[in-house]
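**Q** This is target.cif, which holds mmCIF, C-alpha atoms:
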```cif
data_run
loop_
_atom_site.label_atom_id
_atom_site.label_comp_id
_atom_site.auth_asym_id
_atom_site.auth_seq_id
_atom_site.Cartn_x
_atom_site.Cartn_y
_atom_site.Cartn_z
CA MET A 1 64.02 71.24 9.32
CA SER A 2 62.99 70.78 5.77
CA LYS A 3 59.52 71.47 4.54
CA ILE A 4 57.32 68.61 3.53
CA GLY A 5 57.99 67.63 -0.04
CA GLU A 6 61.23 69.53 -0.24
CA ARG A 7 63.85 67.59 -2.04
CA SER A 8 66.73 66.62 0.16
CA HIS A 9 69.03 65.68 -2.69
CA THR A 10 69.28 68.99 -4.52
CA THR A 11 72.89 68.34 -5.46
CA ALA A 12 71.80 65.52 -7.72
CA SER A 13 69.65 67.87 -9.77
CA ALA A 14 72.61 69.90 -11.06
CA VAL A 15 71.98 70.48 -14.72
CA VAL A 16 74.47 68.82 -17.01
CA LEU A 17 74.57 70.50 -20.36
CA ILE A 18 75.06 67.90 -23.03
CA ASP A 19 76.24 69.03 -26.38
CA VAL A 20 73.58 67.89 -28.83
CA THR A 21 75.62 66.70 -31.73
CA LEU A 22 73.78 64.40 -34.04
CA PRO A 23 75.62 62.54 -36.78
CA PRO A 24 74.83 63.65 -40.35
CA PHE A 25 71.57 62.05 -41.44
CA GLN A 26 73.49 60.35 -44.25
CA ALA A 27 75.35 58.30 -41.61
CA VAL A 28 72.05 57.19 -40.04
CA LEU A 29 70.74 56.25 -43.47
CA ASP A 30 73.92 54.33 -44.39
CA GLU A 31 73.97 52.43 -41.12
CA HIS A 32 70.31 51.44 -40.98
CA ARG A 33 68.79 51.41 -44.46
CA HIS A 34 69.46 47.72 -45.14
CA GLY A 35 68.17 46.58 -41.76
CA VAL A 36 65.07 48.77 -41.89
CA HIS A 37 64.31 47.58 -45.40
CA ARG A 38 64.72 43.90 -44.41
CA TYR A 39 62.42 44.42 -41.43
CA LEU A 40 59.80 46.11 -43.62
CA VAL A 41 59.95 43.45 -46.34
CA ALA A 42 59.49 40.76 -43.72
CA ALA A 43 56.66 42.66 -42.05
CA VAL A 44 54.59 43.90 -45.01
CA GLY A 45 56.01 42.33 -48.19
CA THR A 46 58.20 43.80 -50.92
CA HIS A 47 55.60 46.02 -52.54
CA ASP A 48 54.45 47.85 -49.41
CA ALA A 49 57.98 47.78 -47.98
CA ASN A 50 59.21 50.30 -50.55
CA ASP A 51 56.47 52.76 -49.62
CA CYS A 52 56.96 52.14 -45.91
CA PHE A 53 60.71 52.63 -46.28
CA GLN A 54 60.26 56.02 -47.91
CA GLU A 55 57.67 57.09 -45.37
CA THR A 56 59.91 55.95 -42.51
CA MET A 57 62.95 57.81 -43.74
CA LEU A 58 61.00 60.95 -44.64
CA ALA A 59 59.38 61.04 -41.19
CA ALA A 60 62.77 60.48 -39.58
CA LEU A 61 64.42 63.21 -41.65
CA ARG A 62 61.60 65.64 -40.83
CA ALA A 63 61.94 65.08 -37.09
CA TYR A 64 65.71 64.64 -36.99
CA PRO A 65 66.81 68.19 -36.05
CA THR A 66 64.41 68.20 -33.09
CA LEU A 67 65.97 65.15 -31.43
CA ALA A 68 67.35 65.93 -28.00
CA HIS A 69 70.28 63.56 -28.30
CA GLY A 70 71.92 61.08 -30.64
CA GLU A 71 71.68 58.03 -28.39
CA ASN A 72 69.90 54.91 -29.58
CA LEU A 73 69.13 56.31 -33.03
CA GLY A 74 68.43 52.73 -34.13
CA GLY A 75 65.66 52.33 -31.56
CA TRP A 76 64.19 55.66 -32.62
CA LEU A 77 64.29 54.78 -36.33
CA TYR A 78 62.80 51.29 -35.90
CA THR A 79 60.02 52.78 -33.77
CA ILE A 80 59.09 54.97 -36.73
CA ALA A 81 59.33 51.97 -39.10
CA HIS A 82 57.14 49.94 -36.77
CA ARG A 83 54.46 52.65 -36.83
CA LYS A 84 54.56 52.69 -40.61
CA VAL A 85 54.03 48.91 -40.58
CA ILE A 86 50.94 49.36 -38.42
CA ASP A 87 49.64 52.05 -40.79
CA ALA A 88 50.29 49.86 -43.84
CA VAL A 89 48.55 46.84 -42.33
CA ARG A 90 45.55 48.98 -41.39
CA ALA A 91 45.39 50.48 -44.86
CA ARG A 92 45.57 47.01 -46.38
CA ASP A 93 42.76 45.78 -44.17
CA ARG A 94 40.60 48.64 -45.41
CA ARG A 95 41.50 48.00 -49.03
CA PRO A 96 38.93 45.71 -50.67
CA LEU A 97 40.56 42.66 -52.21
CA PRO A 98 38.93 41.38 -55.38
CA VAL A 99 38.21 37.71 -54.77
CA ASP A 100 39.88 36.52 -57.93
CA VAL A 101 43.16 38.19 -57.10
CA VAL A 102 45.68 36.13 -55.22
CA PRO A 103 46.93 38.15 -52.24
CA GLU A 104 50.52 39.28 -52.55
CA GLN A 105 53.09 36.83 -51.35
CA ARG A 106 54.35 38.50 -48.20
CA PHE A 107 57.51 36.79 -47.12
CA GLU A 108 59.70 36.36 -50.06
CA LEU A 109 63.04 37.74 -49.00
CA ALA A 110 65.64 35.32 -50.27
CA ASP A 111 68.13 35.58 -47.42
CA LEU A 112 65.42 34.85 -44.89
CA GLY A 113 64.62 31.61 -46.65
CA ASP A 114 61.20 31.19 -48.10
CA GLY A 115 60.08 28.30 -45.94
CA PRO A 116 56.61 28.05 -44.49
CA VAL A 117 57.87 29.69 -41.29
CA TRP A 118 56.99 33.10 -42.69
CA ALA A 119 53.40 32.17 -43.33
CA VAL A 120 53.14 31.03 -39.74
CA LEU A 121 54.52 34.36 -38.52
CA GLU A 122 51.21 35.97 -39.27
CA GLU A 123 49.62 33.78 -36.66
CA LEU A 124 51.75 35.27 -33.88
CA PRO A 125 50.44 37.96 -31.53
CA PRO A 126 51.58 41.38 -32.86
CA LYS A 127 54.22 41.99 -30.19
CA GLN A 128 55.83 38.61 -30.67
CA ARG A 129 55.77 38.99 -34.43
CA THR A 130 57.41 42.42 -34.30
CA ALA A 131 59.98 41.16 -31.78
CA VAL A 132 60.89 38.15 -33.93
CA LEU A 133 61.14 40.25 -37.11
CA LEU A 134 63.31 42.92 -35.50
CA ARG A 135 65.58 40.30 -33.98
CA HIS A 136 65.86 37.92 -36.91
CA ALA A 137 65.07 39.94 -40.06
CA ALA A 138 66.74 43.21 -39.04
CA ASP A 139 69.25 41.81 -36.52
CA ARG A 140 68.49 44.47 -33.90
CA PRO A 141 69.72 44.34 -30.29
CA TYR A 142 67.19 43.73 -27.51
CA SER A 143 67.61 47.30 -26.24
CA GLU A 144 66.18 48.64 -29.52
CA ILE A 145 63.42 46.04 -29.66
CA ALA A 146 62.44 47.11 -26.15
CA GLU A 147 62.24 50.72 -27.29
CA VAL A 148 60.06 49.87 -30.28
CA LEU A 149 57.70 47.72 -28.19
CA GLU A 150 57.80 50.17 -25.28
CA CYS A 151 58.68 47.43 -22.84
CA THR A 152 61.68 46.31 -20.79
CA GLU A 153 64.61 44.52 -22.35
CA ALA A 154 63.64 41.40 -20.44
CA ALA A 155 60.14 41.57 -21.90
CA ALA A 156 61.60 42.07 -25.38
CA ARG A 157 63.70 38.95 -24.91
CA GLN A 158 60.65 37.07 -23.66
CA ASN A 159 58.63 38.14 -26.71
CA VAL A 160 61.32 36.90 -29.08
CA ARG A 161 61.66 33.64 -27.16
CA ALA A 162 57.91 33.03 -26.98
CA GLY A 163 57.48 33.95 -30.65
CA LEU A 164 60.17 31.54 -31.76
CA ALA A 165 58.81 28.76 -29.54
CA ARG A 166 55.39 29.26 -31.05
CA LEU A 167 56.84 29.20 -34.56
CA ARG A 168 58.68 25.95 -33.88
CA GLU A 169 55.51 24.44 -32.52
CA GLU A 170 53.45 25.51 -35.53
CA MET A 171 56.12 24.23 -37.89
CA ARG A 172 56.07 20.83 -36.27
CA GLU A 173 52.34 20.46 -36.84
CA MET B 1 69.56 48.15 -58.62
CA THR B 2 68.44 46.21 -55.58
CA SER B 3 65.12 46.99 -54.06
CA VAL B 4 66.69 48.74 -51.04
CA ASP B 5 68.76 50.93 -53.36
CA ALA B 6 65.69 51.79 -55.41
CA ALA B 7 63.75 52.67 -52.26
CA THR B 8 66.67 54.77 -51.01
CA ALA B 9 66.93 56.64 -54.32
CA GLU B 10 63.19 57.29 -54.25
CA PHE B 11 63.43 58.55 -50.66
CA LEU B 12 66.26 60.94 -51.56
CA LYS B 13 64.27 62.29 -54.48
CA ARG B 14 61.25 62.94 -52.28
CA ALA B 15 63.37 64.44 -49.49
CA GLU B 16 64.83 66.86 -51.98
CA LYS B 17 61.41 67.72 -53.43
CA GLU B 18 59.97 68.36 -49.96
CA GLY B 19 62.84 70.66 -49.06
CA LEU B 20 64.11 68.39 -46.29
CA VAL B 21 67.75 68.35 -47.38
CA ASP B 22 69.32 71.29 -45.54
CA VAL B 23 72.86 70.44 -46.62
CA ALA B 24 73.84 68.49 -49.73
CA TYR B 25 77.42 67.28 -50.04
CA THR B 26 79.75 65.36 -52.28
CA THR B 27 83.45 64.72 -52.76
CA VAL B 28 85.25 65.54 -56.02
CA ASP B 29 88.71 64.65 -57.30
CA THR B 30 90.93 67.55 -58.27
CA PRO B 31 94.62 67.95 -59.18
CA VAL B 32 95.22 69.04 -55.57
CA GLY B 33 93.49 65.98 -54.14
CA PRO B 34 89.94 65.03 -53.16
CA ILE B 35 87.85 68.00 -52.02
CA GLY B 36 84.60 68.01 -50.05
CA LEU B 37 81.81 70.32 -51.22
CA ALA B 38 78.62 71.24 -49.41
CA ALA B 39 75.72 73.48 -50.38
CA THR B 40 72.49 74.76 -48.90
CA ASP B 41 69.59 76.19 -50.89
CA THR B 42 71.36 79.55 -50.60
CA GLY B 43 74.60 78.41 -52.18
CA LEU B 44 78.01 76.87 -51.60
CA VAL B 45 78.52 76.76 -47.85
CA LYS B 46 81.69 74.70 -47.38
CA VAL B 47 84.76 73.56 -49.29
CA ALA B 48 86.81 71.01 -47.35
CA LEU B 49 90.38 70.77 -48.61
CA ARG B 50 91.08 67.62 -46.60
CA PRO B 51 87.73 65.87 -46.40
CA ASP B 52 89.26 62.67 -45.03
CA GLU B 53 91.07 64.35 -42.17
CA GLU B 54 88.75 67.15 -41.12
CA ASP B 55 85.29 66.33 -39.80
CA PHE B 56 83.56 68.63 -42.25
CA LEU B 57 80.22 66.84 -42.04
CA GLY B 58 80.35 67.12 -38.25
CA GLU B 59 80.99 70.84 -38.57
CA LEU B 60 78.01 71.20 -40.90
CA CYS B 61 75.80 69.21 -38.50
CA ALA B 62 76.79 71.38 -35.57
CA ASN B 63 76.67 74.75 -37.34
CA VAL B 64 74.11 74.44 -40.14
CA SER B 65 71.80 71.44 -39.70
CA PRO B 66 72.09 67.68 -39.12
CA ARG B 67 69.89 67.11 -42.19
CA VAL B 68 73.01 66.44 -44.21
CA LEU B 69 72.71 64.11 -47.19
CA GLU B 70 75.01 63.05 -49.99
CA GLN B 71 73.48 64.63 -53.10
CA PRO B 72 76.13 65.02 -55.80
CA ALA B 73 73.62 66.44 -58.30
CA LYS B 74 73.08 69.53 -56.16
CA LEU B 75 76.77 70.33 -56.53
CA ASP B 76 77.04 69.79 -60.27
CA ALA B 77 77.49 73.50 -61.03
CA VAL B 78 80.27 73.83 -58.46
CA ARG B 79 81.97 70.69 -59.71
CA ARG B 80 81.78 71.91 -63.31
CA GLN B 81 83.30 75.29 -62.46
CA LEU B 82 86.07 73.65 -60.45
CA ASP B 83 86.83 71.33 -63.37
CA GLU B 84 87.02 74.33 -65.69
CA TYR B 85 89.23 76.19 -63.24
CA PHE B 86 91.68 73.29 -62.94
CA ASP B 87 91.60 72.85 -66.73
CA GLY B 88 92.67 76.46 -67.12
CA ARG B 89 89.41 77.44 -68.78
CA ARG B 90 88.01 79.51 -65.92
CA THR B 91 89.53 82.30 -63.87
CA THR B 92 86.54 83.51 -61.86
CA PHE B 93 83.89 81.52 -60.05
CA SER B 94 80.37 82.59 -60.63
CA LEU B 95 78.51 80.77 -57.89
CA PRO B 96 76.06 81.75 -55.19
CA ILE B 97 77.79 81.49 -51.83
CA ASP B 98 76.14 80.87 -48.49
CA TRP B 99 78.29 82.87 -46.08
CA GLN B 100 76.60 81.66 -42.92
CA LEU B 101 79.73 79.97 -41.53
CA SER B 102 81.54 83.31 -41.50
CA HIS B 103 80.56 86.41 -39.56
CA GLY B 104 81.32 90.07 -39.00
CA PHE B 105 84.77 91.33 -39.87
CA ARG B 106 85.98 87.96 -41.14
CA ARG B 107 83.11 87.73 -43.55
CA MET B 108 83.63 91.29 -44.76
CA VAL B 109 87.30 90.51 -45.49
CA LEU B 110 86.42 87.28 -47.30
CA GLU B 111 83.78 89.00 -49.43
CA ALA B 112 86.30 91.68 -50.39
CA LEU B 113 88.83 88.99 -51.27
CA PHE B 114 86.26 87.15 -53.36
CA SER B 115 85.28 90.18 -55.40
CA GLN B 116 88.62 92.03 -55.63
CA VAL B 117 91.58 89.65 -55.75
CA HIS B 118 91.56 87.92 -59.09
CA PHE B 119 93.27 84.97 -60.74
CA GLY B 120 97.00 85.63 -61.10
CA GLU B 121 97.08 88.34 -58.42
CA VAL B 122 98.43 88.10 -54.91
CA VAL B 123 98.10 90.45 -51.94
CA SER B 124 99.64 90.52 -48.48
CA TYR B 125 97.64 90.31 -45.27
CA GLY B 126 98.45 93.97 -44.71
CA GLU B 127 97.30 95.05 -48.18
CA LEU B 128 94.03 93.22 -47.77
CA ALA B 129 93.58 94.90 -44.38
CA GLN B 130 94.05 98.24 -46.11
CA ARG B 131 91.56 97.40 -48.83
CA VAL B 132 88.83 96.78 -46.26
CA GLY B 133 89.68 100.03 -44.52
CA HIS B 134 91.39 98.58 -41.45
CA PRO B 135 95.09 98.98 -42.24
CA LYS B 136 96.18 97.86 -38.77
CA ALA B 137 94.15 94.67 -38.81
CA SER B 138 96.51 92.41 -40.74
CA ARG B 139 96.50 89.86 -37.92
CA ALA B 140 92.68 89.74 -37.95
CA VAL B 141 92.85 89.37 -41.73
CA GLY B 142 95.09 86.36 -41.18
CA THR B 143 92.47 84.85 -38.89
CA ALA B 144 89.78 85.52 -41.49
CA MET B 145 91.84 83.60 -44.05
CA ALA B 146 92.41 80.72 -41.63
CA THR B 147 88.66 80.41 -41.04
CA ASN B 148 87.60 80.74 -44.69
CA PRO B 149 84.77 78.19 -45.08
CA VAL B 150 85.00 78.13 -48.90
CA PRO B 151 88.69 78.07 -49.89
CA ILE B 152 89.76 77.92 -53.56
CA VAL B 153 86.45 79.55 -54.58
CA VAL B 154 87.11 82.39 -52.15
CA PRO B 155 90.83 82.63 -52.93
CA CYS B 156 92.62 82.84 -49.59
CA HIS B 157 95.55 81.11 -51.28
CA ARG B 158 96.23 84.47 -52.99
CA VAL B 159 97.03 86.12 -49.67
CA LEU B 160 100.69 86.00 -48.68
CA ARG B 161 102.77 87.24 -45.77
CA THR B 162 104.14 90.76 -46.05
CA GLY B 163 107.50 90.35 -47.75
CA GLY B 164 106.21 87.62 -50.01
CA SER B 165 106.73 84.46 -47.97
CA ILE B 166 103.94 82.04 -48.64
CA GLY B 167 102.26 81.86 -45.20
CA ASN B 168 99.94 79.11 -44.04
CA TYR B 169 97.11 77.30 -45.74
CA GLY B 170 94.25 75.11 -44.56
CA GLY B 171 95.10 72.44 -47.12
CA GLY B 172 98.79 72.66 -46.28
CA VAL B 173 101.50 74.97 -47.62
CA GLU B 174 102.23 72.57 -50.47
CA MET B 175 98.67 72.90 -51.78
CA LYS B 176 98.91 76.69 -51.58
CA ARG B 177 102.15 76.52 -53.56
CA GLN B 178 100.48 74.28 -56.17
CA LEU B 179 97.54 76.65 -56.59
CA LEU B 180 99.73 79.74 -56.89
CA THR B 181 102.05 78.03 -59.34
CA PHE B 182 99.08 76.94 -61.39
CA GLU B 183 97.77 80.54 -61.44
CA GLY B 184 101.19 81.75 -62.54
CA SER B 185 101.75 83.81 -59.41
CA LEU B 186 104.65 81.75 -58.20
CA LEU B 187 107.72 80.72 -60.11
CA THR B 188 108.70 77.14 -59.55
#
```
Go ahead and render the structure in this file as structure tokens.

**A**
Amino acid sequence: MSKIGERSHTTASAVVLIDVTLPPFQAVLDEHRHGVHRYLVAAVGTHDANDCFQETMLAALRAYPTLAHGENLGGWLYTIAHRKVIDAVRARDRRPLPVDVVPEQRFELADLGDGPVWAVLEELPPKQRTAVLLRHAADRPYSEIAEVLECTEAAARQNVRAGLARLREEMRE
Amino acid sequence: MTSVDAATAEFLKRAEKEGLVDVAYTTVDTPVGPIGLAATDTGLVKVALRPDEEDFLGELCANVSPRVLEQPAKLDAVRRQLDEYFDGRRTTFSLPIDWQLSHGFRRMVLEALFSQVHFGEVVSYGELAQRVGHPKASRAVGTAMATNPVPIVVPCHRVLRTGGSIGNYGGGVEMKRQLLTFEGSLLT
């Protein structure tokens, strides 16, 4: 008779040693730098995007050797980028804006089009905005968006869908 | 320069300044084909004779650090000395070497080879074994040559089979023949 709480499926807990082989950081940089940069430009504007990009890549490079595995490196990297976006937005909110200075144009990336849709993006709830930007500015798969937003893939899909629906609605008005 | 390229260049500069680049690498063209070079802060850590075929970046990731970035400027001195060597203007390399990919006996043999067997000379596996004080270890000397992480600079191409046949080479026997011919050690 087994004791209370004793695990009956000990065979399943056999330790599988996985060889931790990460690709060279250069490969991560080559694969993701354009997407990360597009996401950052769309999220915080060209000026802050350059700073955010450097901060993202430096943070990633610092932490890189401590990663336990090389799966979903995109999700990991975009999570870091997303945090830098939050930091940048907070810093901007704290920064006093002289009244006679026109705020920086935020969404000016040519290949995203410069229609009024980007101005409306700011009206979206943060999760929907991030989901839409990751999906449509950086072209990320839902699995990575889910990792960044710390939600399920289904919820990531729902956030993109709801965000786009809201955008369409705002655009019609 | 596009804005993503500018941001990338700025990132690389800062990474370098903050000491976050554990391994810098580049590829250079030489008369014996393209060659991969990698360095740590200690010195030259890897010369890849067939950078397209061998996974030399993977080896560096696994055995040195995954913080591997393409930084040609950090290998300028190596590139310059290689150019001079292939131009016939240099016979000895004066470069700091990071020996961390070689250990124990193999490393001892390679260090002896580096300091003692000069341009234009050749030795046999057996002679090299003798020089390091292990006259019976010619087979182990052969293994040391086969695992040389920094060929050309550490001249394993100057080590031949006893009796003078050319033996093997990481970059292929033809490359070994080219190098020895170039150094005047082999008649064409």

**Q** Could the centre and edge lengths of an axis-aligned box, enclosing all atoms of stretch 48-67 of chain A in the file with 8 Å extra on each side, be given in Å to one decimal as JSON?

**A**
```
{"center_x": 60.6, "center_y": 58.0, "center_z": -41.0, "size_x": 28.4, "size_y": 36.4, "size_z": 35.1}
```

**Q** With the PyMOL selection byres ((chain A) within 6 of (chain B)) as the selection, what would be picked from this file? Answer as a ChimeraX atom specification, please.

**A** /A:24-26,50,54

**Q** Put those residues in a file: C-alpha atoms, as a JSON list (two decimals), keeping the file's coordinate frame.

**A**
```json
[["chain", "number", "residue", "atom", "x", "y", "z"],
["A", 24, "PRO", "CA", 74.83, 63.65, -40.35],
["A", 25, "PHE", "CA", 71.57, 62.05, -41.44],
["A", 26, "GLN", "CA", 73.49, 60.35, -44.25],
["A", 50, "ASN", "CA", 59.21, 50.30, -50.55],
["A", 54, "GLN", "CA", 60.26, 56.02, -47.91]]
```

**Q** Name all residues at most 10 Å from B:Met108 (count all atoms listed in the file; drop same-chain ones fewer than 4 positions away) and give them as an mmCIF file with C-alpha atoms, in the frame of the given file.

**A**
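Output saved as result_36.cif:
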```cif
data_model
loop_
_atom_site.group_PDB
_atom_site.id
_atom_site.type_symbol
_atom_site.label_atom_id
_atom_site.label_comp_id
_atom_site.auth_asym_id
_atom_site.auth_seq_id
_atom_site.Cartn_x
_atom_site.Cartn_y
_atom_site.Cartn_z
ATOM 1 C CA SER B 102 81.540 83.310 -41.500
ATOM 2 C CA HIS B 103 80.560 86.410 -39.560
ATOM 3 C CA GLY B 104 81.320 90.070 -39.000
ATOM 4 C CA ALA B 112 86.300 91.680 -50.390
ATOM 5 C CA LEU B 113 88.830 88.990 -51.270
ATOM 6 C CA PHE B 114 86.260 87.150 -53.360
ATOM 7 C CA VAL B 132 88.830 96.780 -46.260
ATOM 8 C CA VAL B 141 92.850 89.370 -41.730
ATOM 9 C CA ALA B 144 89.780 85.520 -41.490
#
```

**Q** Please expand the PyMOL selection byres ((chain B and resi 147) around 12) into the concrete residues it hits in this file, giving the result as a count of residues only.

**A** 29

**Q** Any idea what's packed within 10 Å of A:Leu73, counting only C-alpha atoms, ignoring anything in its chain fewer than 3 positions away? Could you give it as a PyMOL selection string?

**A** chain A and resi 22-23+28+32+64+67+69-70+76-79+144

**Q** Place a sphere of radius 9 Å on (96.0, 77.1, -55.4) in the file coordinates and name every protein, DNA or RNA residue with an atom inside or on its surface, counting all atoms listed in the file; give the answer as an MDAnalysis selection string.

**A** chainID B and resid 32 152 155:158 175:183

**Q** How far is it from atom CA of B:Gly43 to atom CA of B:Phe86, in Å with one decimal?

**A**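 If I compute the distance from atom CA of B:Gly43 to atom CA of B:Phe86, I get 20.8 Å.
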
**Q** Find the residues around B:Lys136 up to 10 Å (only C-alpha atoms counted), leave out those fewer than 6 positions away in its own chain, and share them as a ChimeraX atom specification.

**A** /B:126-127,129-130

**Q** Taking the file as shown, what set of residues would the PyMOL selection byres ((chain A and resi 165) around 12) give back, as JSON, numbers by chain?

**A** {"A": [117, 120, 121, 124, 128, 129, 132, 158, 159, 160, 161, 162, 163, 164, 166, 167, 168, 169, 170, 171, 172]}

**Q** Have a look at atom CA of B:Asp98 and atom CA of B:Gln81 and let me know their distance in Å, one decimal.

**A**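 Distance between the two atoms: 16.7 Å.
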
**Q** Kindly indicate which residue among A:Leu29, A:Val85, A:Val41, A:Ala91 lies nearest to A:Ala60, using only C-alpha atoms for the distances.

**A** A:Leu29

**Q** What's the separation between atom CA of A:Thr130 and atom CA of A:Thr66, in Å to one decimal place?

**A** 26.7 Å

**Q** Would you list the residues near (69.5, 41.2, -39.0) (no more than 10 Å away, in the coordinates of the file, using all atoms listed in the file) as a PyMOL selection string?

**A** chain A and resi 34-36+38-39+112+133-141

**Q** Create the file for the chosen residues now, containing C-alpha atoms and written as a short mmCIF file (atom, residue, chain, number, x, y, z; two decimals), in the coordinates of the input.

**A**
```cif
data_model
loop_
_atom_site.label_atom_id
_atom_site.label_comp_id
_atom_site.auth_asym_id
_atom_site.auth_seq_id
_atom_site.Cartn_x
_atom_site.Cartn_y
_atom_site.Cartn_z
CA HIS A 34 69.46 47.72 -45.14
CA GLY A 35 68.17 46.58 -41.76
CA VAL A 36 65.07 48.77 -41.89
CA ARG A 38 64.72 43.90 -44.41
CA TYR A 39 62.42 44.42 -41.43
CA LEU A 112 65.42 34.85 -44.89
CA LEU A 133 61.14 40.25 -37.11
CA LEU A 134 63.31 42.92 -35.50
CA ARG A 135 65.58 40.30 -33.98
CA HIS A 136 65.86 37.92 -36.91
CA ALA A 137 65.07 39.94 -40.06
CA ALA A 138 66.74 43.21 -39.04
CA ASP A 139 69.25 41.81 -36.52
CA ARG A 140 68.49 44.47 -33.90
CA PRO A 141 69.72 44.34 -30.29
#
```

**Q** Excluding A:Ile86 and its own-chain neighbours fewer than 2 positions away, which residues fall within 12 Å of it when counting all atoms listed in the file? Please give them as an NGL selection string.

**A** :A and (40 or 43-44 or 48-49 or 52 or 56 or 79-84 or 88-93 or 126-127 or 130)

**Q** I need the residue nearest B:Glu121 from this list: B:Met1, B:Leu49, B:Val159, B:Val78. Use all atoms listed in the file for the distance.

**A**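 Among the listed residues, the smallest separation from B:Glu121 belongs to B:Val159.
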